[in-house]
file my_file33.cif (mmCIF, C-alpha atoms)
data_data
loop_
_atom_site.label_atom_id
_atom_site.label_comp_id
_atom_site.auth_asym_id
_atom_site.auth_seq_id
_atom_site.Cartn_x
_atom_site.Cartn_y
_atom_site.Cartn_z
CA ASN A 950 0.00 0.00 0.00
CA GLU A 951 0.96 3.67 -0.01
CA THR A 952 2.96 3.46 3.23
CA CYS A 953 5.54 1.18 1.60
CA TRP A 954 7.01 4.12 -0.31
CA VAL A 955 8.23 5.48 3.04
CA SER A 956 8.71 2.32 5.13
CA GLN A 957 10.49 0.21 2.48
CA GLY A 958 11.20 2.64 -0.32
CA LYS A 959 12.74 5.35 1.87
CA MET A 960 11.18 7.84 -0.54
CA ASN A 961 11.28 10.65 2.02
CA PHE A 962 15.02 10.26 2.57
CA ILE A 963 15.86 9.81 -1.11
CA TYR A 964 13.85 12.83 -2.24
CA ASP A 965 14.88 15.09 0.65
CA ASN A 966 18.57 14.26 0.11
CA LEU A 967 18.28 14.99 -3.62
CA VAL A 968 16.63 18.34 -2.87
CA HIS A 969 19.33 19.15 -0.30
CA GLN A 970 22.01 18.31 -2.90
CA ARG A 971 20.15 20.47 -5.45
CA LYS A 972 19.70 17.45 -7.71
CA ALA A 973 15.90 17.54 -7.43
CA VAL A 974 13.28 20.26 -7.27
CA PRO A 975 11.24 20.56 -4.04
CA ALA A 976 7.78 19.07 -4.46
CA ILE A 977 4.71 17.87 -2.64
CA VAL A 978 4.77 14.08 -2.81
CA VAL A 979 1.43 12.30 -2.53
CA MET A 980 1.15 8.54 -2.11
CA ALA A 981 -2.16 6.81 -2.74
CA ASN A 982 -3.26 3.21 -2.36
CA GLY A 983 -4.12 1.92 -5.83
CA MET A 984 -5.66 -1.32 -4.64
CA ILE A 985 -9.26 -0.43 -5.44
CA TYR A 986 -11.54 -3.41 -5.04
CA GLU A 987 -15.18 -4.06 -5.82
CA GLU A 988 -16.80 -6.51 -3.47
CA SER A 989 -19.93 -8.45 -4.32
CA GLY A 990 -20.98 -11.26 -2.02
CA ASP A 991 -17.95 -13.47 -1.56
CA LYS A 992 -16.19 -12.11 -4.66
CA ARG A 993 -13.52 -9.43 -4.58
CA GLU A 994 -12.26 -7.97 -7.84
CA LEU A 995 -9.34 -5.56 -8.28
CA LYS A 996 -10.56 -2.57 -10.31
CA TYR A 997 -7.10 -1.30 -11.29
CA ARG A 998 -8.45 0.92 -14.09
CA ASP A 999 -10.59 2.85 -11.55
CA MET A 1000 -7.40 4.50 -10.27
CA SER A 1001 -7.52 6.89 -13.24
CA ALA A 1002 -10.90 8.34 -12.23
CA PHE A 1003 -9.89 8.42 -8.55
CA VAL A 1004 -6.75 10.44 -9.32
CA LYS A 1005 -8.54 12.91 -11.58
CA GLU A 1006 -11.80 13.33 -9.68
CA GLU A 1007 -10.75 12.92 -6.05
CA LEU A 1008 -7.02 12.91 -5.37
CA ILE A 1009 -5.86 15.93 -7.38
CA PRO A 1010 -8.77 18.16 -6.22
CA TYR A 1011 -8.13 17.12 -2.60
CA VAL A 1012 -4.40 17.93 -2.79
CA GLU A 1013 -5.00 21.23 -4.59
CA ASN A 1014 -7.56 22.30 -1.97
CA LYS A 1015 -5.31 21.33 0.94
CA TYR A 1016 -1.91 22.62 -0.29
CA ARG A 1017 -0.61 25.54 -2.30
CA THR A 1018 0.16 24.02 -5.67
CA TYR A 1019 0.74 25.34 -9.16
CA GLY A 1020 -2.23 23.27 -10.30
CA ASP A 1021 -1.03 22.63 -13.84
CA LYS A 1022 0.41 19.72 -15.78
CA GLU A 1023 3.88 21.27 -15.96
CA HIS A 1024 4.15 20.90 -12.19
CA ARG A 1025 2.65 17.44 -11.84
CA ALA A 1026 4.24 13.99 -12.10
CA MET A 1027 2.95 10.47 -11.53
CA ALA A 1028 4.95 7.33 -10.89
CA GLY A 1029 4.17 3.81 -9.80
CA LEU A 1030 5.76 0.44 -9.34
CA SER A 1031 4.61 -3.02 -10.39
CA MET A 1032 0.76 -2.94 -10.64
CA GLY A 1033 0.99 0.77 -9.81
CA SER A 1034 3.08 1.23 -12.94
CA LEU A 1035 0.21 0.00 -15.10
CA GLN A 1036 -2.15 2.32 -13.23
CA THR A 1037 0.34 5.13 -13.79
CA SER A 1038 0.53 4.39 -17.52
CA ILE A 1039 -3.23 4.30 -17.87
CA THR A 1040 -3.86 7.42 -15.76
CA ALA A 1041 -1.03 9.60 -17.05
CA PHE A 1042 -1.64 8.78 -20.70
CA GLU A 1043 -5.44 8.88 -20.58
CA HIS A 1044 -5.18 12.22 -18.79
CA SER A 1045 -2.09 13.68 -20.41
CA GLU A 1046 -3.58 17.11 -19.75
CA LEU A 1047 -2.79 16.48 -16.06
CA PHE A 1048 0.80 15.13 -16.11
CA SER A 1049 4.04 16.16 -17.78
CA TYR A 1050 6.21 13.54 -16.09
CA VAL A 1051 5.53 9.81 -15.95
CA GLY A 1052 7.56 7.14 -14.15
CA VAL A 1053 6.96 3.42 -14.65
CA PHE A 1054 9.03 1.29 -12.29
CA SER A 1055 9.29 -2.50 -12.85
CA GLY A 1056 6.08 -2.65 -14.70
CA PHE A 1057 3.92 -2.17 -17.64
CA VAL A 1058 3.06 0.31 -20.33
CA GLN A 1059 0.70 -1.98 -22.19
CA ASP A 1060 -2.31 -3.32 -20.30
CA ILE A 1061 -1.33 -6.98 -20.23
CA LEU A 1062 -4.50 -7.90 -18.36
CA THR A 1063 -7.07 -6.70 -20.93
CA GLN A 1064 -4.91 -5.95 -24.00
CA ASN A 1065 -6.64 -2.54 -24.14
CA GLN A 1066 -3.92 -0.13 -25.29
CA SER A 1067 -6.22 2.83 -26.02
CA HIS A 1068 -4.52 4.85 -23.26
CA LEU A 1069 -1.19 5.00 -25.08
CA THR A 1070 -0.52 8.26 -26.89
CA GLU A 1071 2.54 10.45 -26.66
CA ASN A 1072 1.59 13.64 -24.87
CA ASN A 1073 3.93 13.75 -21.89
CA LYS A 1074 7.10 15.76 -21.50
CA LEU A 1075 9.09 12.96 -19.86
CA PHE A 1076 8.36 9.27 -19.85
CA PHE A 1077 10.76 7.22 -17.70
CA ARG A 1078 10.85 3.43 -17.37
CA GLY A 1079 13.11 1.34 -15.18
CA ILE A 1080 13.35 -2.33 -14.20
CA GLY A 1081 15.72 -4.86 -12.65
CA ALA A 1082 17.65 -7.09 -15.06
CA GLU A 1083 16.50 -10.17 -13.13
CA ASP A 1084 12.87 -9.03 -12.78
CA ARG A 1085 10.33 -11.73 -13.64
CA PHE A 1086 8.53 -9.16 -15.82
CA ILE A 1087 11.59 -8.27 -17.95
CA ASP A 1088 10.02 -9.91 -21.02
CA PHE A 1089 7.00 -7.58 -20.70
CA PHE A 1090 9.42 -4.64 -20.37
CA LYS A 1091 11.13 -5.71 -23.62
CA SER A 1092 7.75 -6.19 -25.29
CA ASP A 1093 6.87 -2.64 -24.21
CA ASP A 1094 10.16 -1.49 -25.79
CA GLU A 1095 9.04 -2.89 -29.13
CA PHE A 1096 5.51 -1.52 -28.74
CA LEU A 1097 6.75 1.97 -27.84
CA GLU A 1098 9.21 2.03 -30.72
CA LYS A 1099 6.53 0.91 -33.18
CA SER A 1100 4.11 3.49 -31.72
CA LYS A 1101 6.81 6.22 -31.86
CA ILE A 1102 6.42 6.93 -28.13
CA LYS A 1103 9.75 8.15 -26.76
CA CYS A 1104 10.92 7.24 -23.31
CA GLU A 1105 13.98 7.18 -21.15
CA ARG A 1106 14.67 3.66 -19.94
CA LYS A 1107 17.07 2.09 -17.50
CA ILE A 1108 17.81 -1.46 -16.48
CA TYR A 1109 19.29 -1.90 -13.00
CA LYS A 1110 20.91 -4.83 -11.27
CA GLY A 1111 18.23 -6.61 -9.26
CA ASP A 1112 14.82 -8.24 -9.27
CA HIS A 1113 11.23 -7.08 -8.64
CA GLU A 1114 12.28 -5.38 -5.41
CA TRP A 1115 12.77 -2.17 -3.46
CA LYS A 1116 16.49 -1.84 -4.18
CA VAL A 1117 15.56 -1.43 -7.86
CA TRP A 1118 12.57 0.85 -7.17
CA ARG A 1119 14.68 3.11 -4.96
CA ARG A 1120 17.12 3.49 -7.88
CA CYS A 1121 14.20 4.25 -10.21
CA LEU A 1122 12.94 6.93 -7.83
CA TYR A 1123 16.45 8.34 -7.40
CA ASP A 1124 16.90 8.73 -11.16
CA PHE A 1125 13.32 9.83 -11.94
CA ALA A 1126 13.30 12.51 -9.21
CA GLN A 1127 16.33 14.17 -10.77
CA LEU A 1128 14.55 14.50 -14.13
CA ILE A 1129 11.20 15.97 -13.11
CA PHE A 1130 10.23 19.65 -12.87
CA ARG A 1131 13.46 20.76 -14.51
CA GLU A 1132 13.37 23.71 -16.87
CA ASP A 1133 15.73 21.92 -19.27
CA ASN A 1134 13.32 18.98 -19.81
#

call {"tool": "encode", "arguments": {"input": "my_file33.cif", "output": "structure tokens"}}
result
Amino acid sequence: NETCWVSQGKMNFIYDNLVHQRKAVPAIVVMANGMIYEESGDKRELKYRDMSAFVKEELIPYVENKYRTYGDKEHRAMAGLSMGSLQTSITAFEHSELFSYVGVFSGFVQDILTQNQSHLTENNKLFFRGIGAEDRFIDFFKSDDEFLEKSKIKCERKIYKGDHEWKVWRRCLYDFAQLIFREDN
């Protein structure tokens, strides 16, 4: 859930240290739980595509009402890992008017669950993808490489030493944070 970004990912330390070193721009970081389920009787179904509506209709308005923000796409990024990376791809591409920076960590650009790729259009300023070389989803990452090249969607990509794990995701965050909200991007 959303607390893992701090407890395991050390996001607060990574980002604060980068800001202190002037390698990253200060920002409000919001972490949301993307595990949206629909329950019916004894069935429980993950509604991963509902994250897009939640971000647009609830999360962004809440943050903008609570904090002083710029409130525009040039000052907004979205990143996610594993299943959250697919939700990030869907949300940030379907609503490219909301996000200039997109980070996909150890995950998916194409919707491998439904094969619905309607969300994929190039409208973002920066699209970053990273994964561990030993990650069990590396073949999907390579398939996304081919899909993105064929679709003429540009991205920055990195492959790190490691598996589907926090040591890789911390490296993804470290690199992604240094690229966002920069005037030269």

call {"tool": "residues_around", "arguments": {"input": "my_file33.cif", "residues": "segment 1003-1007 of chain A", "least_positions_apart": "5", "cutoff": "9 Å", "atoms": "only C-alpha atoms", "output": "ChimeraX atom specification"}}
result
/A:981,1012,1040,1044,1047

call {"tool": "closest_atom_pairs", "arguments": {"input": "my_file33.cif", "of": "segment 960-1036 of chain A", "to": "segment 1055-1061 of chain A", "cutoff": "7 Å", "atoms": "all atoms listed in the file", "output": "Markdown table"}}
result
| residue | atom | partner | partner_atom | distance |
| --- | --- | --- | --- | --- |
| A:Leu1030 | CA | A:Ser1055 | CA | 5.8 |
| A:Ser1031 | CA | A:Gly1056 | CA | 4.6 |
| A:Met1032 | CA | A:Gly1056 | CA | 6.7 |
| A:Ser1034 | CA | A:Gly1056 | CA | 5.2 |
| A:Leu1035 | CA | A:Phe1057 | CA | 5.0 |

call {"tool": "closest_residue", "arguments": {"input": "my_file33.cif", "among": "A:Ala1082, A:Ile1087, A:Ala976, A:Ile1129", "to": "Lys1110 of chain A", "atoms": "all atoms listed in the file"}}
result
A:Ala1082

call {"tool": "atom_distance", "arguments": {"input": "my_file33.cif", "atom1": "atom CA of Tyr1123 of chain A", "atom2": "atom CA of Ile963 of chain A"}}
result
6.5 Å

call {"tool": "resolve_selection", "arguments": {"input": "my_file33.cif", "expression": "the PyMOL selection byres ((chain A and resi 1126) around 12)", "output": "PyMOL selection string"}}
result
chain A and resi 960-961+963-968+971-976+978+1026-1028+1050-1052+1075+1077+1118-1125+1127-1131

call {"tool": "write_last_selection", "arguments": {"input": "my_file33.cif", "atoms": "C-alpha atoms", "output": "compact mmCIF listing (two decimals), keeping the file's coordinate frame"}}
result
# COMPACT_ATOMS: atom_id res chain seq x y z
CA MET A 960 11.18 7.84 -0.54
CA ASN A 961 11.28 10.65 2.02
CA ILE A 963 15.86 9.81 -1.11
CA TYR A 964 13.85 12.83 -2.24
CA ASP A 965 14.88 15.09 0.65
CA ASN A 966 18.57 14.26 0.11
CA LEU A 967 18.28 14.99 -3.62
CA VAL A 968 16.63 18.34 -2.87
CA ARG A 971 20.15 20.47 -5.45
CA LYS A 972 19.70 17.45 -7.71
CA ALA A 973 15.90 17.54 -7.43
CA VAL A 974 13.28 20.26 -7.27
CA PRO A 975 11.24 20.56 -4.04
CA ALA A 976 7.78 19.07 -4.46
CA VAL A 978 4.77 14.08 -2.81
CA ALA A 1026 4.24 13.99 -12.10
CA MET A 1027 2.95 10.47 -11.53
CA ALA A 1028 4.95 7.33 -10.89
CA TYR A 1050 6.21 13.54 -16.09
CA VAL A 1051 5.53 9.81 -15.95
CA GLY A 1052 7.56 7.14 -14.15
CA LEU A 1075 9.09 12.96 -19.86
CA PHE A 1077 10.76 7.22 -17.70
CA TRP A 1118 12.57 0.85 -7.17
CA ARG A 1119 14.68 3.11 -4.96
CA ARG A 1120 17.12 3.49 -7.88
CA CYS A 1121 14.20 4.25 -10.21
CA LEU A 1122 12.94 6.93 -7.83
CA TYR A 1123 16.45 8.34 -7.40
CA ASP A 1124 16.90 8.73 -11.16
CA PHE A 1125 13.32 9.83 -11.94
CA GLN A 1127 16.33 14.17 -10.77
CA LEU A 1128 14.55 14.50 -14.13
CA ILE A 1129 11.20 15.97 -13.11
CA PHE A 1130 10.23 19.65 -12.87
CA ARG A 1131 13.46 20.76 -14.51

call {"tool": "closest_residue", "arguments": {"input": "my_file33.cif", "among": "A:Trp1115, A:Phe1042, A:Phe1076, A:Phe1054", "to": "Phe1090 of chain A", "atoms": "only C-alpha atoms"}}
result
A:Phe1054

call {"tool": "atom_distance", "arguments": {"input": "my_file33.cif", "atom1": "atom CA of Gly983 of chain A", "atom2": "atom CA of Cys953 of chain A"}}
result
12.2 Å

call {"tool": "closest_residue", "arguments": {"input": "my_file33.cif", "among": "A:Asn1014, A:Asp1084, A:Phe1089, A:Glu1132", "to": "Asp1112 of chain A", "atoms": "all atoms listed in the file"}}
result
A:Asp1084

call {"tool": "atom_distance", "arguments": {"input": "my_file33.cif", "atom1": "atom CA of Asp1094 of chain A", "atom2": "atom CA of Arg1078 of chain A"}}
result
9.8 Å

call {"tool": "resolve_selection", "arguments": {"input": "my_file33.cif", "expression": "the PyMOL selection byres ((chain A and resi 984) around 12)", "output": "list in words"}}
result
Asn950, Glu951, Ala981, Asn982, Gly983, Ile985, Tyr986, Glu987, Arg993, Glu994, Leu995, Lys996, Tyr997, Arg998, Asp999, Met1000, Phe1003, Ser1031, Met1032, Gly1033 and Gln1036 of chain A

call {"tool": "closest_residue", "arguments": {"input": "my_file33.cif", "among": "A:Gly958, A:Gly1081, A:Lys1116, A:Ile977", "to": "Thr1018 of chain A", "atoms": "only C-alpha atoms"}}
result
A:Ile977

call {"tool": "closest_residue", "arguments": {"input": "my_file33.cif", "among": "A:Met980, A:His1113, A:Phe1096, A:Glu1046", "to": "Gly1079 of chain A", "atoms": "only C-alpha atoms"}}
result
A:His1113

call {"tool": "decode", "arguments": {"input": "my_file33.cif", "residues": "segment 983-1025 of chain A", "atoms": "N, CA and C atoms", "output": "compact mmCIF listing (two decimals), in the first residue's frame"}}
result
# COMPACT_ATOMS: atom_id res chain seq x y z
N GLY A 983 -3.46 2.23 -4.56
CA GLY A 983 -4.12 1.92 -5.83
C GLY A 983 -4.90 0.62 -5.82
N MET A 984 -4.95 -0.05 -4.70
CA MET A 984 -5.66 -1.32 -4.64
C MET A 984 -7.14 -1.06 -4.40
N ILE A 985 -7.84 -0.74 -5.48
CA ILE A 985 -9.26 -0.43 -5.44
C ILE A 985 -10.03 -1.70 -5.79
N TYR A 986 -10.80 -2.17 -4.85
CA TYR A 986 -11.54 -3.41 -5.04
C TYR A 986 -13.03 -3.16 -5.09
N GLU A 987 -13.72 -4.03 -5.83
CA GLU A 987 -15.18 -4.06 -5.82
C GLU A 987 -15.57 -5.39 -5.20
N GLU A 988 -16.38 -5.30 -4.16
CA GLU A 988 -16.80 -6.51 -3.47
C GLU A 988 -18.27 -6.78 -3.75
N SER A 989 -18.56 -8.02 -4.05
CA SER A 989 -19.93 -8.45 -4.32
C SER A 989 -20.09 -9.86 -3.75
N GLY A 990 -20.84 -9.95 -2.67
CA GLY A 990 -20.98 -11.26 -2.02
C GLY A 990 -19.64 -11.75 -1.52
N ASP A 991 -19.25 -12.93 -1.98
CA ASP A 991 -17.95 -13.47 -1.56
C ASP A 991 -16.86 -13.23 -2.61
N LYS A 992 -17.17 -12.42 -3.63
CA LYS A 992 -16.19 -12.11 -4.66
C LYS A 992 -15.55 -10.75 -4.41
N ARG A 993 -14.28 -10.68 -4.72
CA ARG A 993 -13.52 -9.43 -4.58
C ARG A 993 -12.68 -9.26 -5.84
N GLU A 994 -12.94 -8.18 -6.57
CA GLU A 994 -12.26 -7.97 -7.84
C GLU A 994 -11.47 -6.66 -7.80
N LEU A 995 -10.19 -6.75 -8.20
CA LEU A 995 -9.34 -5.56 -8.28
C LEU A 995 -9.77 -4.73 -9.49
N LYS A 996 -10.11 -3.48 -9.25
CA LYS A 996 -10.56 -2.57 -10.31
C LYS A 996 -9.41 -1.57 -10.59
N TYR A 997 -8.30 -2.10 -11.11
CA TYR A 997 -7.10 -1.30 -11.29
C TYR A 997 -7.31 -0.11 -12.21
N ARG A 998 -8.21 -0.20 -13.18
CA ARG A 998 -8.45 0.92 -14.09
C ARG A 998 -9.23 2.06 -13.42
N ASP A 999 -9.85 1.81 -12.27
CA ASP A 999 -10.59 2.85 -11.55
C ASP A 999 -9.65 3.88 -10.92
N MET A 1000 -8.37 3.57 -10.85
CA MET A 1000 -7.40 4.50 -10.27
C MET A 1000 -7.38 5.80 -11.08
N SER A 1001 -7.54 5.71 -12.36
CA SER A 1001 -7.52 6.89 -13.24
C SER A 1001 -8.59 7.90 -12.82
N ALA A 1002 -9.81 7.44 -12.64
CA ALA A 1002 -10.90 8.34 -12.23
C ALA A 1002 -10.66 8.86 -10.81
N PHE A 1003 -10.17 8.00 -9.92
CA PHE A 1003 -9.89 8.42 -8.55
C PHE A 1003 -8.86 9.55 -8.53
N VAL A 1004 -7.79 9.41 -9.29
CA VAL A 1004 -6.75 10.44 -9.32
C VAL A 1004 -7.30 11.75 -9.85
N LYS A 1005 -8.03 11.69 -10.95
CA LYS A 1005 -8.54 12.91 -11.58
C LYS A 1005 -9.66 13.56 -10.77
N GLU A 1006 -10.60 12.77 -10.30
CA GLU A 1006 -11.80 13.33 -9.68
C GLU A 1006 -11.70 13.55 -8.17
N GLU A 1007 -10.82 12.80 -7.51
CA GLU A 1007 -10.75 12.92 -6.05
C GLU A 1007 -9.38 13.35 -5.54
N LEU A 1008 -8.34 12.67 -5.95
CA LEU A 1008 -7.02 12.91 -5.37
C LEU A 1008 -6.45 14.29 -5.72
N ILE A 1009 -6.41 14.62 -6.99
CA ILE A 1009 -5.86 15.93 -7.38
C ILE A 1009 -6.67 17.08 -6.78
N PRO A 1010 -8.01 17.06 -6.86
CA PRO A 1010 -8.77 18.16 -6.22
C PRO A 1010 -8.51 18.24 -4.71
N TYR A 1011 -8.40 17.10 -4.04
CA TYR A 1011 -8.13 17.12 -2.60
C TYR A 1011 -6.79 17.79 -2.31
N VAL A 1012 -5.75 17.38 -3.01
CA VAL A 1012 -4.40 17.93 -2.79
C VAL A 1012 -4.38 19.43 -3.10
N GLU A 1013 -5.02 19.82 -4.19
CA GLU A 1013 -5.00 21.23 -4.59
C GLU A 1013 -5.82 22.11 -3.64
N ASN A 1014 -6.80 21.54 -2.97
CA ASN A 1014 -7.56 22.30 -1.97
C ASN A 1014 -6.83 22.37 -0.63
N LYS A 1015 -6.00 21.40 -0.35
CA LYS A 1015 -5.31 21.33 0.94
C LYS A 1015 -3.95 22.05 0.93
N TYR A 1016 -3.26 22.06 -0.20
CA TYR A 1016 -1.91 22.62 -0.29
C TYR A 1016 -1.83 23.69 -1.38
N ARG A 1017 -0.85 24.56 -1.23
CA ARG A 1017 -0.61 25.54 -2.30
C ARG A 1017 0.17 24.85 -3.41
N THR A 1018 -0.47 24.69 -4.53
CA THR A 1018 0.16 24.02 -5.67
C THR A 1018 0.09 24.94 -6.88
N TYR A 1019 0.85 24.61 -7.89
CA TYR A 1019 0.74 25.34 -9.16
C TYR A 1019 -0.53 24.95 -9.89
N GLY A 1020 -0.97 23.72 -9.73
CA GLY A 1020 -2.23 23.27 -10.30
C GLY A 1020 -2.23 23.12 -11.81
N ASP A 1021 -1.07 22.84 -12.39
CA ASP A 1021 -1.03 22.63 -13.84
C ASP A 1021 -0.17 21.41 -14.16
N LYS A 1022 -0.29 20.94 -15.37
CA LYS A 1022 0.41 19.72 -15.78
C LYS A 1022 1.92 19.87 -15.73
N GLU A 1023 2.43 21.06 -15.97
CA GLU A 1023 3.88 21.27 -15.96
C GLU A 1023 4.49 21.04 -14.58
N HIS A 1024 3.67 21.07 -13.56
CA HIS A 1024 4.15 20.90 -12.19
C HIS A 1024 3.55 19.66 -11.54
N ARG A 1025 3.24 18.66 -12.37
CA ARG A 1025 2.65 17.44 -11.84
C ARG A 1025 3.29 16.22 -12.49
